[in-house]
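Here is run-v5.txt, consisting of compact mmCIF, C-alpha atoms:
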# COMPACT_ATOMS: atom_id res chain seq x y z
CA MET A 1 35.74 41.32 -35.27
CA ARG A 2 33.29 38.69 -36.47
CA THR A 3 30.86 39.87 -39.10
CA GLU A 4 27.29 38.82 -39.78
CA LEU A 5 28.64 36.93 -42.79
CA ASP A 6 31.09 35.03 -40.55
CA THR A 7 28.14 33.95 -38.40
CA ILE A 8 26.14 32.91 -41.47
CA ARG A 9 29.10 30.87 -42.75
CA ASP A 10 29.34 29.16 -39.34
CA LEU A 11 25.63 28.42 -39.41
CA TYR A 12 25.91 26.83 -42.85
CA ARG A 13 28.89 24.69 -41.75
CA HIS A 14 26.79 23.54 -38.81
CA LYS A 15 23.84 22.78 -41.11
CA ALA A 16 26.11 20.70 -43.37
CA GLU A 17 27.21 18.55 -40.43
CA ALA A 18 23.63 18.16 -39.23
CA ARG A 19 22.51 17.26 -42.76
CA ARG A 20 25.08 14.44 -42.84
CA LEU A 21 23.54 13.05 -39.63
CA TYR A 22 20.15 12.94 -41.36
CA LEU A 23 21.66 11.27 -44.41
CA ARG A 24 23.28 8.55 -42.28
CA LYS A 25 20.09 8.04 -40.27
CA ILE A 26 17.86 7.75 -43.36
CA TRP A 27 20.18 5.35 -45.22
CA ALA A 28 20.64 3.22 -42.08
CA LEU A 29 16.92 2.39 -42.23
CA PRO A 30 15.60 -0.60 -44.17
CA VAL A 31 14.81 0.29 -47.79
CA LYS A 32 11.06 -0.11 -47.22
CA GLU A 33 11.14 2.46 -44.38
CA ARG A 34 13.15 4.91 -46.49
CA TYR A 35 10.64 4.82 -49.34
CA THR A 36 7.28 4.49 -47.55
CA ASP A 37 4.88 7.32 -48.41
CA ARG A 38 4.32 9.03 -45.06
CA GLY A 39 1.93 11.74 -46.28
CA ALA A 40 4.35 14.55 -45.48
CA THR A 41 5.25 17.62 -47.58
CA PHE A 42 7.14 15.19 -49.81
CA PRO A 43 6.11 11.52 -49.76
CA THR A 44 9.16 9.66 -48.40
CA LEU A 45 12.07 10.36 -46.07
CA VAL A 46 14.37 10.29 -49.10
CA ASP A 47 12.12 12.73 -51.00
CA ILE A 48 12.22 15.18 -48.08
CA TYR A 49 16.00 14.87 -47.81
CA LEU A 50 16.49 15.38 -51.55
CA HIS A 51 14.14 18.38 -51.41
CA ILE A 52 16.47 19.93 -48.81
CA LEU A 53 19.32 19.47 -51.30
CA ASP A 54 17.15 20.85 -54.12
CA ASP A 55 16.38 23.96 -52.05
CA HIS A 56 20.10 24.66 -51.84
CA ARG A 57 20.49 24.01 -55.54
CA PHE A 58 17.51 26.25 -56.35
CA TRP A 59 18.69 29.21 -54.29
CA PHE A 60 22.38 28.99 -55.19
CA ILE A 61 22.08 27.94 -58.84
CA GLN A 62 18.77 29.36 -60.04
CA GLY A 63 18.60 32.24 -57.54
CA TYR A 64 22.16 33.41 -57.05
CA ARG A 65 23.79 32.24 -60.30
CA ARG A 66 20.61 32.54 -62.42
CA GLN A 67 21.09 29.17 -64.14
CA ARG A 68 18.56 26.39 -64.58
CA PHE A 69 18.84 23.04 -62.84
CA ASP A 70 16.69 19.90 -62.63
CA ASP A 71 15.06 18.87 -59.34
CA TYR A 72 15.52 15.34 -58.12
CA PRO A 73 12.36 13.48 -59.18
CA LEU A 74 10.05 12.23 -56.44
CA GLY A 75 10.55 8.56 -55.69
CA VAL A 76 14.14 8.41 -56.94
CA ARG A 77 15.93 5.45 -55.38
CA MET A 78 19.46 6.56 -54.68
CA SER A 79 22.14 4.40 -53.20
CA ARG A 80 23.85 5.70 -50.10
CA SER A 81 26.94 6.58 -52.13
CA GLU A 82 24.81 8.54 -54.63
CA ALA A 83 23.13 10.42 -51.77
CA GLU A 84 26.52 11.14 -50.20
CA ARG A 85 27.81 12.46 -53.55
CA ALA A 86 24.72 14.67 -53.98
CA THR A 87 25.22 15.96 -50.43
CA ARG A 88 28.91 16.72 -51.06
CA ASP A 89 27.98 18.53 -54.28
CA VAL A 90 25.54 20.75 -52.35
CA GLU A 91 28.10 21.36 -49.61
CA ARG A 92 30.69 22.36 -52.22
CA LEU A 93 28.20 24.66 -53.99
CA THR A 94 27.20 26.25 -50.69
CA GLN A 95 30.80 26.81 -49.67
CA GLU A 96 31.70 28.31 -53.07
CA VAL A 97 28.86 30.83 -52.89
CA LEU A 98 29.46 31.75 -49.25
CA GLU A 99 33.18 32.25 -49.87
CA GLU A 100 32.44 34.55 -52.85
CA LEU A 101 30.29 36.82 -50.73
CA ARG A 102 31.51 39.90 -48.91
CA PRO A 103 29.60 41.50 -46.01
CA LEU A 104 28.15 44.25 -48.24
CA ASP A 105 26.77 41.61 -50.62
CA LEU A 106 24.21 40.53 -48.02
CA SER A 107 22.04 43.56 -48.82
CA ARG A 108 22.36 43.11 -52.59
CA LYS A 109 19.13 42.06 -54.33
CA ILE A 110 18.95 39.11 -56.66
CA LEU A 111 16.13 37.98 -58.91
CA PRO A 112 15.90 34.19 -59.12
CA LEU A 113 15.49 32.92 -62.67
CA GLY A 114 11.79 32.64 -63.46
CA ASP A 115 10.73 34.74 -60.45
CA LYS A 116 9.26 38.25 -60.35
CA ASN A 117 10.19 39.11 -56.76
CA PRO A 118 13.72 40.21 -55.92
CA ILE A 119 15.20 39.09 -52.61
CA SER A 120 18.31 40.21 -50.77
CA ILE A 121 21.11 37.68 -50.48
CA ARG A 122 20.62 37.90 -46.70
CA GLY A 123 16.94 37.07 -47.19
CA MET A 124 17.84 34.19 -49.50
CA LEU A 125 20.24 32.73 -46.92
CA PHE A 126 17.69 33.08 -44.10
CA GLN A 127 14.90 31.61 -46.25
CA LEU A 128 17.06 28.63 -47.13
CA ASN A 129 18.00 28.05 -43.50
CA MET A 130 14.39 28.31 -42.32
CA GLY A 131 13.21 25.90 -45.02
CA GLU A 132 15.81 23.36 -44.01
CA LEU A 133 14.86 23.70 -40.34
CA GLN A 134 11.22 23.06 -41.23
CA HIS A 135 12.04 19.91 -43.19
CA GLN A 136 14.45 18.65 -40.52
CA GLY A 137 11.67 19.08 -37.96
CA GLU A 138 9.38 17.16 -40.28
CA LEU A 139 11.97 14.36 -40.58
CA ASN A 140 12.30 14.36 -36.77
CA ALA A 141 8.55 13.86 -36.37
CA LEU A 142 8.58 11.03 -38.90
CA PHE A 143 11.51 9.33 -37.14
CA TRP A 144 9.65 9.60 -33.82
CA GLN A 145 6.55 8.05 -35.39
CA MET A 146 8.78 5.13 -36.35
CA ASP A 147 10.14 4.92 -32.76
CA GLN A 148 13.53 6.08 -34.02
CA ALA A 149 15.69 8.71 -32.36
CA ALA A 150 16.04 11.83 -34.47
CA PRO A 151 19.51 13.18 -35.25
CA PHE A 152 20.51 16.20 -33.19
CA LEU A 153 23.42 18.60 -33.42
CA GLY A 154 22.76 21.73 -31.39
CA TYR A 155 24.45 24.86 -32.71
CA ARG A 156 25.68 26.14 -29.34
CA LEU A 157 27.53 22.96 -28.43
CA TRP A 158 28.78 22.58 -32.01
CA ARG A 159 30.11 26.16 -32.03
CA PHE A 160 31.32 26.24 -28.43
CA PRO A 161 32.11 22.65 -27.43
CA ARG A 162 32.61 21.92 -23.77
CA PRO A 163 36.19 21.23 -22.75
CA ARG A 164 36.86 17.54 -22.16
CA LEU A 165 37.63 16.47 -18.64
CA ARG A 166 40.77 14.47 -18.15
Could you write out this file's structure as structure tokens?
Amino acid sequence: MRTELDTIRDLYRHKAEARRLYLRKIWALPVKERYTDRGATFPTLVDIYLHILDDHRFWFIQGYRRQRFDDYPLGVRMSRSEAERATRDVERLTQEVLEELRPLDLSRKILPLGDKNPISIRGMLFQLNMGELQHQGELNALFWQMDQAAPFLGYRLWRFPRPRLR
């Protein structure tokens, strides 16, 4: 029988695939478009994308493992290969943490380094997912303002793909 943790692991695998679509879309744009300040929660498309990665690093390194890490600075100009490497590092970190967890761990409280408010691991995982959804929606709106199609990878069709017709 599938557990809640199995579903969460599936969701995070889906999010990793979707994140790669955003990475490809952002780095396919001309450099000027990638780094234009668009007045969003973080100035540029790259800044928003790197913040998504930093959220994962914050919750899994500083929250779960209680170790310090350095955020990506705003305005950093990464090459596509550097962004792909940073993305793979976050995917690997996410997978390591999710594979360590057991279903009972979801209710366990953690106290992120430098924070005063404990959160359950379940709450941490939901918070991280909701934050990423918010920033992906923000990226979508910015792509649409640029007359660009936004990446899309629906969970239902990802999880339960339609059979191919012959």
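Proximity to Val76 in chain A at 12 Å, evaluated using only C-alpha atoms and with sequence-adjacent residues fewer than 3 positions away removed, yields Arg34, Tyr35, Pro43, Thr44, Leu45, Val46, Asp47, Ile48, Tyr49, Leu50, His51, Asp71, Tyr72, Pro73, Ser79, Glu82 and Ala83 of chain A.
If you look at CA of Glu100 in chain A and CA of Arg68 in chain A, they are 19.9 Å away from each other.
The residue that comes closest to Lys25 in chain A, out of A:Arg159, A:Pro112, A:Gln145, A:Arg80 and on the basis of only C-alpha atoms, is A:Arg80.
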Using only C-alpha atoms, what table do you get, as a Markdown table, when you list each residue of range 122-158 of chain A with an atom no more than 8 Å from range 11-17 of chain A, its nearest pair of atoms, and their distance in Å rounded to one decimal, rows by chain then rising number?
| residue | atom | partner | partner_atom | distance |
| --- | --- | --- | --- | --- |
| A:Leu153 | CA | A:Glu17 | CA | 8.0 |
| A:Tyr155 | CA | A:His14 | CA | 6.7 |
| A:Trp158 | CA | A:His14 | CA | 7.1 |
Quiz prompt | Which of A:Arg20, A:Asp115, A:Arg162, A:Leu106 sits closest to Val90 in chain A [using only C-alpha atoms] | solution =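 Once distances to Val90 in chain A are computed over only C-alpha atoms, the minimum belongs to A:Arg20.
From CA of Met78 in chain A back to CA of Ala28 in chain A, the distance works out to 13.1 Å.
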Quiz item: Could you pull the residues within 9 Å of Glu132 in chain A, counting all atoms listed in the file, minus those fewer than 2 positions along the same chain, as a list in words?
Solution: Lys15, Ile52, Leu53, Asp55, Gln127, Leu128, Asn129, Met130, Gln134, His135, Gln136 and Gly137 of chain A
Using the file's own x, y and z axes, what box holds all listed atoms of range 103-108 of chain A with 4 Å on each side, keeping edges along x, y and z, and what are its centre and edge lengths in Å to one decimal, as AutoDock Vina command-line options?
--center_x 25.8 --center_y 42.4 --center_z -49.3 --size_x 15.6 --size_y 11.7 --size_z 14.6
Quiz prompt | Pick from A:Val31, A:His56, A:Pro103, A:Asn117 nearest to Arg2 in chain A, counting all atoms listed in the file | solution =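 Of all the options, A:Pro103 lies closest to Arg2 in chain A.
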Exercise. Identify, on the basis of all atoms listed in the file, every residue whose closest approach to Val97 in chain A does not exceed 10 Å; exclude the query and any residue fewer than 3 positions from it along the same chain; express the result as an MDAnalysis selection string.
Key: chainID A and resid 60:61 64:65 92:94 100:101
Can you give me N, CA and C atoms for range 55-89 of chain A, written as a PDB file, keeping the file's coordinate frame?
ATOM      1  N   ASP A  55      16.517  22.568 -52.503  1.00  0.00           N
ATOM      2  CA  ASP A  55      16.380  23.960 -52.050  1.00  0.00           C
ATOM      3  C   ASP A  55      17.711  24.693 -52.159  1.00  0.00           C
ATOM      4  N   HIS A  56      18.768  24.041 -51.722  1.00  0.00           N
ATOM      5  CA  HIS A  56      20.100  24.660 -51.840  1.00  0.00           C
ATOM      6  C   HIS A  56      20.444  24.891 -53.304  1.00  0.00           C
ATOM      7  N   ARG A  57      20.181  23.887 -54.121  1.00  0.00           N
ATOM      8  CA  ARG A  57      20.490  24.010 -55.540  1.00  0.00           C
ATOM      9  C   ARG A  57      19.652  25.121 -56.169  1.00  0.00           C
ATOM     10  N   PHE A  58      18.353  25.192 -55.801  1.00  0.00           N
ATOM     11  CA  PHE A  58      17.510  26.250 -56.350  1.00  0.00           C
ATOM     12  C   PHE A  58      18.070  27.624 -55.997  1.00  0.00           C
ATOM     13  N   TRP A  59      18.290  27.865 -54.701  1.00  0.00           N
ATOM     14  CA  TRP A  59      18.690  29.210 -54.290  1.00  0.00           C
ATOM     15  C   TRP A  59      20.080  29.590 -54.779  1.00  0.00           C
ATOM     16  N   PHE A  60      21.016  28.648 -54.786  1.00  0.00           N
ATOM     17  CA  PHE A  60      22.380  28.990 -55.190  1.00  0.00           C
ATOM     18  C   PHE A  60      22.599  28.930 -56.692  1.00  0.00           C
ATOM     19  N   ILE A  61      21.911  28.034 -57.381  1.00  0.00           N
ATOM     20  CA  ILE A  61      22.080  27.940 -58.840  1.00  0.00           C
ATOM     21  C   ILE A  61      21.076  28.842 -59.555  1.00  0.00           C
ATOM     22  N   GLN A  62      19.795  28.618 -59.303  1.00  0.00           N
ATOM     23  CA  GLN A  62      18.770  29.360 -60.040  1.00  0.00           C
ATOM     24  C   GLN A  62      18.567  30.766 -59.464  1.00  0.00           C
ATOM     25  N   GLY A  63      18.757  30.924 -58.162  1.00  0.00           N
ATOM     26  CA  GLY A  63      18.600  32.240 -57.540  1.00  0.00           C
ATOM     27  C   GLY A  63      19.843  33.086 -57.692  1.00  0.00           C
ATOM     28  N   TYR A  64      20.924  32.624 -57.097  1.00  0.00           N
ATOM     29  CA  TYR A  64      22.160  33.410 -57.050  1.00  0.00           C
ATOM     30  C   TYR A  64      22.876  33.447 -58.405  1.00  0.00           C
ATOM     31  N   ARG A  65      23.052  32.295 -59.033  1.00  0.00           N
ATOM     32  CA  ARG A  65      23.790  32.240 -60.300  1.00  0.00           C
ATOM     33  C   ARG A  65      22.895  32.399 -61.532  1.00  0.00           C
ATOM     34  N   ARG A  66      21.580  32.363 -61.349  1.00  0.00           N
ATOM     35  CA  ARG A  66      20.610  32.540 -62.420  1.00  0.00           C
ATOM     36  C   ARG A  66      20.812  31.538 -63.562  1.00  0.00           C
ATOM     37  N   GLN A  67      20.973  30.270 -63.178  1.00  0.00           N
ATOM     38  CA  GLN A  67      21.090  29.170 -64.140  1.00  0.00           C
ATOM     39  C   GLN A  67      20.035  28.125 -63.796  1.00  0.00           C
ATOM     40  N   ARG A  68      19.571  27.437 -64.799  1.00  0.00           N
ATOM     41  CA  ARG A  68      18.560  26.390 -64.580  1.00  0.00           C
ATOM     42  C   ARG A  68      19.218  25.123 -64.024  1.00  0.00           C
ATOM     43  N   PHE A  69      18.416  24.348 -63.313  1.00  0.00           N
ATOM     44  CA  PHE A  69      18.840  23.040 -62.840  1.00  0.00           C
ATOM     45  C   PHE A  69      17.605  22.143 -62.794  1.00  0.00           C
ATOM     46  N   ASP A  70      17.810  20.850 -62.716  1.00  0.00           N
ATOM     47  CA  ASP A  70      16.690  19.900 -62.630  1.00  0.00           C
ATOM     48  C   ASP A  70      16.571  19.388 -61.213  1.00  0.00           C
ATOM     49  N   ASP A  71      15.330  19.449 -60.664  1.00  0.00           N
ATOM     50  CA  ASP A  71      15.060  18.870 -59.340  1.00  0.00           C
ATOM     51  C   ASP A  71      15.273  17.365 -59.396  1.00  0.00           C
ATOM     52  N   TYR A  72      15.550  16.795 -58.214  1.00  0.00           N
ATOM     53  CA  TYR A  72      15.520  15.340 -58.120  1.00  0.00           C
ATOM     54  C   TYR A  72      14.061  14.916 -58.241  1.00  0.00           C
ATOM     55  N   PRO A  73      13.762  13.910 -59.056  1.00  0.00           N
ATOM     56  CA  PRO A  73      12.360  13.480 -59.180  1.00  0.00           C
ATOM     57  C   PRO A  73      11.896  12.778 -57.908  1.00  0.00           C
ATOM     58  N   LEU A  74      10.615  12.939 -57.587  1.00  0.00           N
ATOM     59  CA  LEU A  74      10.050  12.230 -56.440  1.00  0.00           C
ATOM     60  C   LEU A  74      10.193  10.723 -56.669  1.00  0.00           C
ATOM     61  N   GLY A  75      10.469  10.016 -55.603  1.00  0.00           N
ATOM     62  CA  GLY A  75      10.550   8.560 -55.690  1.00  0.00           C
ATOM     63  C   GLY A  75      11.866   8.020 -56.203  1.00  0.00           C
ATOM     64  N   VAL A  76      12.846   8.896 -56.451  1.00  0.00           N
ATOM     65  CA  VAL A  76      14.140   8.410 -56.940  1.00  0.00           C
ATOM     66  C   VAL A  76      14.753   7.501 -55.873  1.00  0.00           C
ATOM     67  N   ARG A  77      15.319   6.404 -56.306  1.00  0.00           N
ATOM     68  CA  ARG A  77      15.930   5.450 -55.380  1.00  0.00           C
ATOM     69  C   ARG A  77      17.442   5.542 -55.517  1.00  0.00           C
ATOM     70  N   MET A  78      18.010   6.357 -54.670  1.00  0.00           N
ATOM     71  CA  MET A  78      19.460   6.560 -54.680  1.00  0.00           C
ATOM     72  C   MET A  78      20.136   5.564 -53.755  1.00  0.00           C
ATOM     73  N   SER A  79      21.319   5.175 -54.130  1.00  0.00           N
ATOM     74  CA  SER A  79      22.140   4.400 -53.200  1.00  0.00           C
ATOM     75  C   SER A  79      22.711   5.376 -52.170  1.00  0.00           C
ATOM     76  N   ARG A  80      23.240   4.837 -51.109  1.00  0.00           N
ATOM     77  CA  ARG A  80      23.850   5.700 -50.100  1.00  0.00           C
ATOM     78  C   ARG A  80      25.000   6.508 -50.703  1.00  0.00           C
ATOM     79  N   SER A  81      25.814   5.864 -51.535  1.00  0.00           N
ATOM     80  CA  SER A  81      26.940   6.580 -52.130  1.00  0.00           C
ATOM     81  C   SER A  81      26.467   7.703 -53.064  1.00  0.00           C
ATOM     82  N   GLU A  82      25.363   7.476 -53.784  1.00  0.00           N
ATOM     83  CA  GLU A  82      24.810   8.540 -54.630  1.00  0.00           C
ATOM     84  C   GLU A  82      24.289   9.696 -53.780  1.00  0.00           C
ATOM     85  N   ALA A  83      23.635   9.376 -52.671  1.00  0.00           N
ATOM     86  CA  ALA A  83      23.130  10.420 -51.770  1.00  0.00           C
ATOM     87  C   ALA A  83      24.291  11.181 -51.128  1.00  0.00           C
ATOM     88  N   GLU A  84      25.342  10.478 -50.770  1.00  0.00           N
ATOM     89  CA  GLU A  84      26.520  11.140 -50.200  1.00  0.00           C
ATOM     90  C   GLU A  84      27.161  12.075 -51.229  1.00  0.00           C
ATOM     91  N   ARG A  85      27.238  11.620 -52.485  1.00  0.00           N
ATOM     92  CA  ARG A  85      27.810  12.460 -53.550  1.00  0.00           C
ATOM     93  C   ARG A  85      26.943  13.699 -53.776  1.00  0.00           C
ATOM     94  N   ALA A  86      25.627  13.533 -53.809  1.00  0.00           N
ATOM     95  CA  ALA A  86      24.720  14.670 -53.980  1.00  0.00           C
ATOM     96  C   ALA A  86      24.868  15.647 -52.814  1.00  0.00           C
ATOM     97  N   THR A  87      25.036  15.118 -51.624  1.00  0.00           N
ATOM     98  CA  THR A  87      25.220  15.960 -50.430  1.00  0.00           C
ATOM     99  C   THR A  87      26.530  16.723 -50.516  1.00  0.00           C
ATOM    100  N   ARG A  88      27.597  16.037 -50.900  1.00  0.00           N
ATOM    101  CA  ARG A  88      28.910  16.720 -51.060  1.00  0.00           C
ATOM    102  C   ARG A  88      28.830  17.808 -52.124  1.00  0.00           C
ATOM    103  N   ASP A  89      28.132  17.528 -53.222  1.00  0.00           N
ATOM    104  CA  ASP A  89      27.980  18.530 -54.280  1.00  0.00           C
ATOM    105  C   ASP A  89      27.291  19.787 -53.748  1.00  0.00           C
TER     106      ASP A  89
END
